[in-house]
Amino acid sequence: MRVLVTGSTSLVGRAVVARLRKRGDLVTVLQRQPSALGVAEHLGDIADRAAVDVAVDGVEGVVHIAGRAAATGEWALFDATNVQGTRNVVGAARAAGVTRFVFVSSPSVAHSGQSLIGAPAGPADPDRARGHYARSKARAELIALAANSSAMPVVVIRPHLIWGPGDTQLVGRIVDRAKSGRLAVVGTGAALIDTTYVDNAADALVAALDTAPTLGGRALVVTNGQPRPVREILSRIVMAAGLEPPRIKVPYRVARAGGLVVEQIWDRSKTDDDPPMTSFLAEQLGTAHWFDQRETRRAMKWEPKVSLDEGFRRLQLWFEDEAPGVA
């Protein structure tokens with residue numbers, strides 16, 4: 001199959017490209033900077049429809065991963081990449097005769113701030129989504145699903161909190177905060193959360209591409225299916241990096257209220273640094289969010305192969321062997 005992957009330089013993007021290449025697919029990638037992935041590539045921004053038109057020409061499948069995932073920033077930036085960019089990729093794919101389309105979304109598109117316990121993949125709701133990132137992904141998801149047809153089945157996959165060796169998002173931010181003494185446990189730290197090891201997320205995206213003809217129009221949440229207390233997740237990540245578990249505790253209401261104030265300050269400052277807390281981050285750290293995976297696994301004929309324990313072992317080895325001086 002000839003497949004275009006957008007956002008191929010991300011953690012999961014690289015893993016998806018590697019899997020597609022290994023099984024013999026002809027892979028093309030689209031991103032703003034050279035990928036060094038050893039595949040045909042187009043350099044461009046998904047916000048540029050002309051660049052997207054060139055990239056999708058002649059491909060049969062699209063895995064659309066590219067997006068803006070910052071914690072703060074102006075709405076216009078999220079709209080340009082996540083909303084308009086997705087509209088461009090979907091529109092170009094349909095015009096080019098692409099026969100299957102996978103859009104990578106986020107469970108946050110259906111999260112209104114309340115605990116999610118064994119939850120299904122609820123409908124994306126831009127009006128209730130929390131923050132610019134979630135709101136923009138919710139709008140993008142609706143655009144993608146609206147393009148679903150028998151000619152181009154569209155499947156939405158919502159991986160939850162992807163992590164693994166080399167991760168600069170979840171792992172990198174947690175470790176950086178731990179090093180600077182800013183990593184805090186919100187509330188009791190007992191809230192159960194789902195995460196997804198990167199290999200499992202990549203396998204799920206490939207499975208979604210393969211099963212798209214039977215899954216068109218559906219949105220599915222993907223996780224390891226092993227909910228753990230948030231304190232344990234934070235502790236095992238920083239311990240893999242050779243650091244001490246977090247000792248700071250912040251009451252949930254204090255963290256959420258403080259996050260709202262910090263967001264306003266960060267938006268006015270125009271800084272690219274991560275804020276110490278946001279209201280969305282407080283909700284993610286202080287409330288339960290784990291998902292029923294039975295339908296996802298049945299529908300895609302997919303099972304996660306790497307357990308959390310094995311993932312943490314691999315993460316520690318990466319810090320020890322491949323990132324000397326990082327820990």
# chains A, B, ... in the order shown; residues from 1 in each chain; ligands from 1
>>> select_by_dssp(residues="segment 38-268 of chain A", states="strand (DSSP E)", output="number ranges by chain")
A: 40-43, 61-64, 100-104, 116-119, 154-159, 162-163, 184-186, 192-193, 196-197, 219-222, 228-229, 248-250
>>> write_last_selection(atoms="N, CA and C atoms", output="compact mmCIF listing (two decimals), in the first residue's frame")
# COMPACT_ATOMS: atom_id res chain seq x y z
N ALA A 40 10.56 8.58 1.15
CA ALA A 40 10.23 9.76 0.35
C ALA A 40 9.53 10.78 1.23
N GLU A 41 9.92 12.04 1.11
CA GLU A 41 9.31 13.03 1.99
C GLU A 41 9.00 14.33 1.25
N HIS A 42 7.97 14.99 1.77
CA HIS A 42 7.59 16.31 1.30
C HIS A 42 7.75 17.27 2.46
N LEU A 43 8.44 18.37 2.25
CA LEU A 43 8.60 19.37 3.28
C LEU A 43 7.54 20.45 3.10
N GLY A 61 -3.52 5.39 1.22
CA GLY A 61 -3.91 5.56 2.61
C GLY A 61 -3.22 6.74 3.24
N VAL A 62 -3.87 7.37 4.20
CA VAL A 62 -3.29 8.50 4.94
C VAL A 62 -3.42 8.23 6.44
N VAL A 63 -2.32 8.44 7.16
CA VAL A 63 -2.34 8.45 8.62
C VAL A 63 -1.98 9.86 9.03
N HIS A 64 -2.97 10.61 9.49
CA HIS A 64 -2.78 12.04 9.79
C HIS A 64 -2.50 12.23 11.28
N ARG A 100 -8.48 5.11 2.19
CA ARG A 100 -8.63 4.90 3.64
C ARG A 100 -7.87 6.00 4.37
N PHE A 101 -8.46 6.48 5.47
CA PHE A 101 -7.92 7.66 6.16
C PHE A 101 -8.01 7.43 7.67
N VAL A 102 -6.88 7.59 8.37
CA VAL A 102 -6.84 7.47 9.83
C VAL A 102 -6.45 8.82 10.41
N PHE A 103 -7.28 9.33 11.28
CA PHE A 103 -6.99 10.61 11.93
C PHE A 103 -6.66 10.36 13.40
N VAL A 104 -5.55 10.90 13.86
CA VAL A 104 -5.13 10.73 15.25
C VAL A 104 -5.66 11.90 16.07
N LEU A 116 -13.47 10.08 34.30
CA LEU A 116 -13.88 9.10 33.29
C LEU A 116 -13.47 7.73 33.81
N ILE A 117 -14.44 6.88 34.11
CA ILE A 117 -14.17 5.59 34.72
C ILE A 117 -14.73 4.48 33.83
N GLY A 118 -13.84 3.73 33.18
CA GLY A 118 -14.28 2.71 32.25
C GLY A 118 -15.10 3.29 31.12
N ALA A 119 -14.72 4.49 30.67
CA ALA A 119 -15.54 5.23 29.72
C ALA A 119 -15.39 4.71 28.29
N VAL A 154 -13.14 6.82 6.95
CA VAL A 154 -12.33 7.60 7.89
C VAL A 154 -12.48 6.99 9.28
N VAL A 155 -11.35 6.68 9.91
CA VAL A 155 -11.34 6.14 11.27
C VAL A 155 -10.59 7.12 12.16
N VAL A 156 -11.15 7.42 13.31
CA VAL A 156 -10.50 8.29 14.29
C VAL A 156 -9.98 7.44 15.43
N ILE A 157 -8.69 7.60 15.72
CA ILE A 157 -8.08 6.89 16.85
C ILE A 157 -7.63 7.93 17.87
N ARG A 158 -8.02 7.70 19.12
CA ARG A 158 -7.66 8.61 20.21
C ARG A 158 -6.70 7.91 21.18
N PRO A 159 -5.40 7.92 20.91
CA PRO A 159 -4.47 7.32 21.87
C PRO A 159 -4.39 8.21 23.11
N ILE A 162 0.47 8.99 25.19
CA ILE A 162 1.52 8.15 24.60
C ILE A 162 2.86 8.50 25.24
N TRP A 163 3.64 7.47 25.53
CA TRP A 163 4.97 7.69 26.10
C TRP A 163 5.90 6.55 25.70
N ALA A 184 4.69 18.01 40.97
CA ALA A 184 3.79 17.88 42.12
C ALA A 184 2.73 16.82 41.87
N VAL A 185 2.30 16.16 42.93
CA VAL A 185 1.16 15.26 42.89
C VAL A 185 -0.07 16.08 43.22
N VAL A 186 -1.04 16.06 42.33
CA VAL A 186 -2.27 16.81 42.54
C VAL A 186 -3.27 15.94 43.28
N LEU A 192 -6.98 6.88 39.11
CA LEU A 192 -6.51 5.93 38.12
C LEU A 192 -6.51 6.56 36.73
N ILE A 193 -5.40 6.41 36.02
CA ILE A 193 -5.32 6.93 34.65
C ILE A 193 -4.76 5.87 33.71
N THR A 196 -0.52 4.97 27.24
CA THR A 196 -0.29 4.10 26.09
C THR A 196 1.19 4.08 25.73
N TYR A 197 1.80 2.90 25.80
CA TYR A 197 3.20 2.79 25.39
C TYR A 197 3.26 2.99 23.88
N ALA A 219 -14.97 6.47 16.02
CA ALA A 219 -13.88 6.99 16.85
C ALA A 219 -13.63 5.99 17.96
N LEU A 220 -12.37 5.61 18.17
CA LEU A 220 -12.01 4.62 19.17
C LEU A 220 -10.85 5.14 20.03
N VAL A 221 -10.98 4.96 21.34
CA VAL A 221 -9.90 5.30 22.26
C VAL A 221 -8.94 4.13 22.34
N VAL A 222 -7.64 4.42 22.34
CA VAL A 222 -6.61 3.38 22.45
C VAL A 222 -5.76 3.64 23.69
N ARG A 228 -3.46 2.85 36.18
CA ARG A 228 -2.64 2.89 37.39
C ARG A 228 -2.83 4.23 38.10
N PRO A 229 -2.57 4.28 39.43
CA PRO A 229 -2.65 5.58 40.13
C PRO A 229 -1.67 6.57 39.53
N ILE A 248 6.07 16.70 46.48
CA ILE A 248 5.19 17.85 46.64
C ILE A 248 3.74 17.43 46.39
N LYS A 249 2.85 17.86 47.26
CA LYS A 249 1.42 17.60 47.09
C LYS A 249 0.67 18.93 47.03
N VAL A 250 -0.25 19.03 46.08
CA VAL A 250 -1.06 20.23 45.93
C VAL A 250 -2.52 19.82 45.89
>>> select_by_dssp(residues="segment 57-226 of chain A", states="alpha helix (DSSP H)", output="PyMOL selection string")
chain A and resi 75-78+85-96+131-146+170-179+198-215
>>> closest_residue(among="A:Pro246, A:Gly216, A:Gly164, A:Pro304", to="Ser180 of chain A", atoms="only C-alpha atoms")
A:Pro246
>>> residues_around(residues="Val52 of chain A", least_positions_apart="6", cutoff="12 Å", atoms="only C-alpha atoms", output="number ranges by chain")
A: 4-6, 28-32, 41-46, 59, 62, 64, 66, 84-96
>>> write_last_selection(atoms="N, CA and C atoms", output="mmCIF file, in the first residue's frame")
data_model
loop_
_atom_site.group_PDB
_atom_site.id
_atom_site.type_symbol
_atom_site.label_atom_id
_atom_site.label_comp_id
_atom_site.auth_asym_id
_atom_site.auth_seq_id
_atom_site.Cartn_x
_atom_site.Cartn_y
_atom_site.Cartn_z
ATOM 1 N N LEU A 4 0.700 7.849 3.084
ATOM 2 C CA LEU A 4 1.252 9.123 3.528
ATOM 3 C C LEU A 4 1.067 9.241 5.034
ATOM 4 N N VAL A 5 2.138 9.587 5.735
ATOM 5 C CA VAL A 5 2.083 9.839 7.173
ATOM 6 C C VAL A 5 2.439 11.292 7.406
ATOM 7 N N THR A 6 1.538 12.053 7.999
ATOM 8 C CA THR A 6 1.862 13.426 8.377
ATOM 9 C C THR A 6 2.367 13.431 9.817
ATOM 10 N N THR A 28 5.386 7.629 2.303
ATOM 11 C CA THR A 28 5.770 9.018 2.069
ATOM 12 C C THR A 28 5.398 9.800 3.320
ATOM 13 N N VAL A 29 6.204 10.799 3.652
ATOM 14 C CA VAL A 29 5.919 11.582 4.852
ATOM 15 C C VAL A 29 5.821 13.057 4.497
ATOM 16 N N LEU A 30 5.087 13.776 5.309
ATOM 17 C CA LEU A 30 4.926 15.226 5.166
ATOM 18 C C LEU A 30 5.159 15.868 6.515
ATOM 19 N N GLN A 31 6.139 16.745 6.580
ATOM 20 C CA GLN A 31 6.408 17.519 7.784
ATOM 21 C C GLN A 31 7.231 18.749 7.408
ATOM 22 N N ARG A 32 7.440 19.637 8.370
ATOM 23 C CA ARG A 32 8.097 20.907 8.060
ATOM 24 C C ARG A 32 9.609 20.800 7.969
ATOM 25 N N GLU A 41 9.918 12.037 1.113
ATOM 26 C CA GLU A 41 9.312 13.030 1.988
ATOM 27 C C GLU A 41 8.996 14.328 1.251
ATOM 28 N N HIS A 42 7.969 14.987 1.770
ATOM 29 C CA HIS A 42 7.589 16.313 1.295
ATOM 30 C C HIS A 42 7.745 17.271 2.462
ATOM 31 N N LEU A 43 8.438 18.369 2.247
ATOM 32 C CA LEU A 43 8.598 19.374 3.284
ATOM 33 C C LEU A 43 7.544 20.449 3.095
ATOM 34 N N GLY A 44 6.743 20.651 4.130
ATOM 35 C CA GLY A 44 5.691 21.636 4.034
ATOM 36 C C GLY A 44 4.829 21.631 5.271
ATOM 37 N N ASP A 45 3.926 22.574 5.319
ATOM 38 C CA ASP A 45 3.029 22.746 6.460
ATOM 39 C C ASP A 45 1.636 22.282 6.051
ATOM 40 N N ILE A 46 0.958 21.541 6.930
ATOM 41 C CA ILE A 46 -0.385 21.087 6.590
ATOM 42 C C ILE A 46 -1.359 22.254 6.476
ATOM 43 N N VAL A 59 -1.242 8.438 -3.361
ATOM 44 C CA VAL A 59 -1.249 7.539 -2.203
ATOM 45 C C VAL A 59 -2.630 6.912 -2.036
ATOM 46 N N VAL A 62 -3.874 7.368 4.201
ATOM 47 C CA VAL A 62 -3.295 8.500 4.944
ATOM 48 C C VAL A 62 -3.420 8.226 6.436
ATOM 49 N N HIS A 64 -2.965 10.614 9.494
ATOM 50 C CA HIS A 64 -2.779 12.037 9.787
ATOM 51 C C HIS A 64 -2.495 12.227 11.280
ATOM 52 N N ALA A 66 0.028 14.806 12.339
ATOM 53 C CA ALA A 66 0.535 16.159 12.578
ATOM 54 C C ALA A 66 -0.473 17.015 13.332
ATOM 55 N N GLN A 84 -7.685 23.932 10.547
ATOM 56 C CA GLN A 84 -7.524 24.183 9.113
ATOM 57 C C GLN A 84 -6.588 23.163 8.471
ATOM 58 N N GLY A 85 -5.547 22.772 9.187
ATOM 59 C CA GLY A 85 -4.630 21.777 8.654
ATOM 60 C C GLY A 85 -5.325 20.455 8.387
ATOM 61 N N THR A 86 -6.159 20.026 9.327
ATOM 62 C CA THR A 86 -6.905 18.779 9.127
ATOM 63 C C THR A 86 -7.886 18.919 7.976
ATOM 64 N N ARG A 87 -8.530 20.073 7.865
ATOM 65 C CA ARG A 87 -9.441 20.296 6.735
ATOM 66 C C ARG A 87 -8.688 20.164 5.414
ATOM 67 N N ASN A 88 -7.458 20.675 5.381
ATOM 68 C CA ASN A 88 -6.653 20.576 4.167
ATOM 69 C C ASN A 88 -6.300 19.126 3.837
ATOM 70 N N VAL A 89 -5.865 18.387 4.845
ATOM 71 C CA VAL A 89 -5.442 17.004 4.609
ATOM 72 C C VAL A 89 -6.629 16.147 4.186
ATOM 73 N N VAL A 90 -7.750 16.315 4.852
ATOM 74 C CA VAL A 90 -8.952 15.547 4.505
ATOM 75 C C VAL A 90 -9.436 15.896 3.100
ATOM 76 N N GLY A 91 -9.492 17.191 2.803
ATOM 77 C CA GLY A 91 -9.966 17.622 1.499
ATOM 78 C C GLY A 91 -9.067 17.164 0.376
ATOM 79 N N ALA A 92 -7.755 17.272 0.583
ATOM 80 C CA ALA A 92 -6.805 16.847 -0.435
ATOM 81 C C ALA A 92 -6.867 15.339 -0.639
ATOM 82 N N ALA A 93 -7.019 14.592 0.453
ATOM 83 C CA ALA A 93 -7.082 13.135 0.349
ATOM 84 C C ALA A 93 -8.315 12.703 -0.434
ATOM 85 N N ARG A 94 -9.434 13.326 -0.162
ATOM 86 C CA ARG A 94 -10.665 12.966 -0.866
ATOM 87 C C ARG A 94 -10.548 13.305 -2.355
ATOM 88 N N ALA A 95 -9.960 14.466 -2.656
ATOM 89 C CA ALA A 95 -9.811 14.869 -4.053
ATOM 90 C C ALA A 95 -8.842 13.967 -4.805
ATOM 91 N N ALA A 96 -7.860 13.407 -4.083
ATOM 92 C CA ALA A 96 -6.846 12.566 -4.712
ATOM 93 C C ALA A 96 -7.275 11.107 -4.832
#
>>> atom_distance(atom1="atom CA of Asp292 of chain A", atom2="atom CA of Ser8 of chain A")
28.3 Å
>>> residues_around(residues="Asp79 of chain A", least_positions_apart="6", cutoff="12 Å", atoms="only C-alpha atoms", output="list in words")
Ile46, Ala47, Gly67, Arg68, Ala69, Gly73, Gly85, Thr86, Arg87, His132, Tyr133, Ala134, Arg135, Ser136, Lys137, Ala138, Arg139 and Ala140 of chain A
>>> write_last_selection(atoms="N, CA and C atoms", output="mmCIF file, in the first residue's frame")
data_model
loop_
_atom_site.group_PDB
_atom_site.id
_atom_site.type_symbol
_atom_site.label_atom_id
_atom_site.label_comp_id
_atom_site.auth_asym_id
_atom_site.auth_seq_id
_atom_site.Cartn_x
_atom_site.Cartn_y
_atom_site.Cartn_z
ATOM 1 N N ILE A 46 0.958 21.541 6.930
ATOM 2 C CA ILE A 46 -0.385 21.087 6.590
ATOM 3 C C ILE A 46 -1.359 22.254 6.476
ATOM 4 N N ALA A 47 -0.960 23.426 6.990
ATOM 5 C CA ALA A 47 -1.803 24.613 6.829
ATOM 6 C C ALA A 47 -1.752 25.143 5.404
ATOM 7 N N GLY A 67 0.015 17.782 14.285
ATOM 8 C CA GLY A 67 -0.857 18.670 15.039
ATOM 9 C C GLY A 67 -0.071 19.478 16.053
ATOM 10 N N ARG A 68 -0.696 20.511 16.549
ATOM 11 C CA ARG A 68 -0.099 21.341 17.598
ATOM 12 C C ARG A 68 -0.604 20.844 18.940
ATOM 13 N N ALA A 69 0.329 20.468 19.839
ATOM 14 C CA ALA A 69 -0.066 19.875 21.124
ATOM 15 C C ALA A 69 0.437 20.680 22.313
ATOM 16 N N GLY A 73 -1.066 28.895 24.445
ATOM 17 C CA GLY A 73 -0.849 29.563 23.169
ATOM 18 C C GLY A 73 -2.138 30.155 22.636
ATOM 19 N N GLY A 85 -5.547 22.772 9.187
ATOM 20 C CA GLY A 85 -4.630 21.777 8.654
ATOM 21 C C GLY A 85 -5.325 20.455 8.387
ATOM 22 N N THR A 86 -6.159 20.026 9.327
ATOM 23 C CA THR A 86 -6.905 18.779 9.127
ATOM 24 C C THR A 86 -7.886 18.919 7.976
ATOM 25 N N ARG A 87 -8.530 20.073 7.865
ATOM 26 C CA ARG A 87 -9.441 20.296 6.735
ATOM 27 C C ARG A 87 -8.688 20.164 5.414
ATOM 28 N N HIS A 132 -7.574 25.148 24.438
ATOM 29 C CA HIS A 132 -7.458 25.315 22.992
ATOM 30 C C HIS A 132 -7.082 24.018 22.288
ATOM 31 N N TYR A 133 -6.191 23.233 22.882
ATOM 32 C CA TYR A 133 -5.773 21.997 22.217
ATOM 33 C C TYR A 133 -6.965 21.054 22.050
ATOM 34 N N ALA A 134 -7.646 20.750 23.143
ATOM 35 C CA ALA A 134 -8.768 19.813 23.086
ATOM 36 C C ALA A 134 -9.877 20.335 22.190
ATOM 37 N N ARG A 135 -10.136 21.626 22.260
ATOM 38 C CA ARG A 135 -11.212 22.200 21.446
ATOM 39 C C ARG A 135 -10.869 22.108 19.956
ATOM 40 N N SER A 136 -9.621 22.402 19.631
ATOM 41 C CA SER A 136 -9.222 22.352 18.222
ATOM 42 C C SER A 136 -9.222 20.924 17.693
ATOM 43 N N LYS A 137 -8.795 19.965 18.523
ATOM 44 C CA LYS A 137 -8.820 18.566 18.085
ATOM 45 C C LYS A 137 -10.262 18.066 17.938
ATOM 46 N N ALA A 138 -11.151 18.548 18.783
ATOM 47 C CA ALA A 138 -12.559 18.161 18.666
ATOM 48 C C ALA A 138 -13.139 18.657 17.345
ATOM 49 N N ARG A 139 -12.839 19.886 16.994
ATOM 50 C CA ARG A 139 -13.330 20.415 15.718
ATOM 51 C C ARG A 139 -12.711 19.653 14.552
ATOM 52 N N ALA A 140 -11.417 19.353 14.667
ATOM 53 C CA ALA A 140 -10.745 18.614 13.601
ATOM 54 C C ALA A 140 -11.343 17.222 13.440
#
>>> closest_residue(among="A:Ile143, A:Leu170, A:Ala208, A:Ala110", to="Ala70 of chain A", atoms="only C-alpha atoms")
A:Leu170
>>> residues_around(residues="Ala240 of chain A", least_positions_apart="3", cutoff="9 Å", atoms="only C-alpha atoms", output="CSV table (one decimal) with N, CA and C atoms, in the first residue's frame")
chain,number,residue,atom,x,y,z
A,235,SER,N,5.9,8.5,39.4
A,235,SER,CA,7.1,8.0,40.2
A,235,SER,C,7.9,7.1,39.3
A,236,ARG,N,7.3,6.2,38.5
A,236,ARG,CA,8.0,5.2,37.7
A,236,ARG,C,8.7,5.9,36.6
A,237,ILE,N,8.2,7.0,36.0
A,237,ILE,CA,8.8,7.7,35.0
A,237,ILE,C,10.1,8.4,35.5
A,243,LEU,N,15.8,9.6,39.1
A,243,LEU,CA,15.4,10.7,40.0
A,243,LEU,C,14.5,10.2,41.1
A,312,PHE,N,8.3,0.5,31.2
A,312,PHE,CA,9.1,1.3,32.2
A,312,PHE,C,10.5,0.7,32.2
A,313,ARG,N,10.7,-0.6,32.0
A,313,ARG,CA,12.0,-1.2,31.9
A,313,ARG,C,12.7,-0.7,30.7
A,314,ARG,N,12.1,-0.6,29.6
A,314,ARG,CA,12.7,-0.1,28.4
A,314,ARG,C,13.1,1.4,28.5
A,315,LEU,N,12.2,2.1,29.2
A,315,LEU,CA,12.5,3.5,29.4
A,315,LEU,C,13.7,3.7,30.3
A,316,GLN,N,13.9,2.9,31.3
A,316,GLN,CA,15.1,3.0,32.2
A,316,GLN,C,16.3,2.6,31.4
A,317,LEU,N,16.2,1.6,30.6
A,317,LEU,CA,17.4,1.2,29.7
A,317,LEU,C,17.8,2.4,28.8
A,318,TRP,N,16.8,3.0,28.3
A,318,TRP,CA,17.0,4.1,27.3
A,318,TRP,C,17.8,5.3,28.1
A,319,PHE,N,17.3,5.6,29.3
A,319,PHE,CA,18.0,6.6,30.0
A,319,PHE,C,19.4,6.2,30.4
A,320,GLU,N,19.6,5.0,30.7
A,320,GLU,CA,20.9,4.5,31.1
A,320,GLU,C,21.9,4.3,29.9
A,327,ALA,N,19.8,11.5,32.8
A,327,ALA,CA,19.3,11.2,34.1
A,327,ALA,C,20.0,11.9,35.2
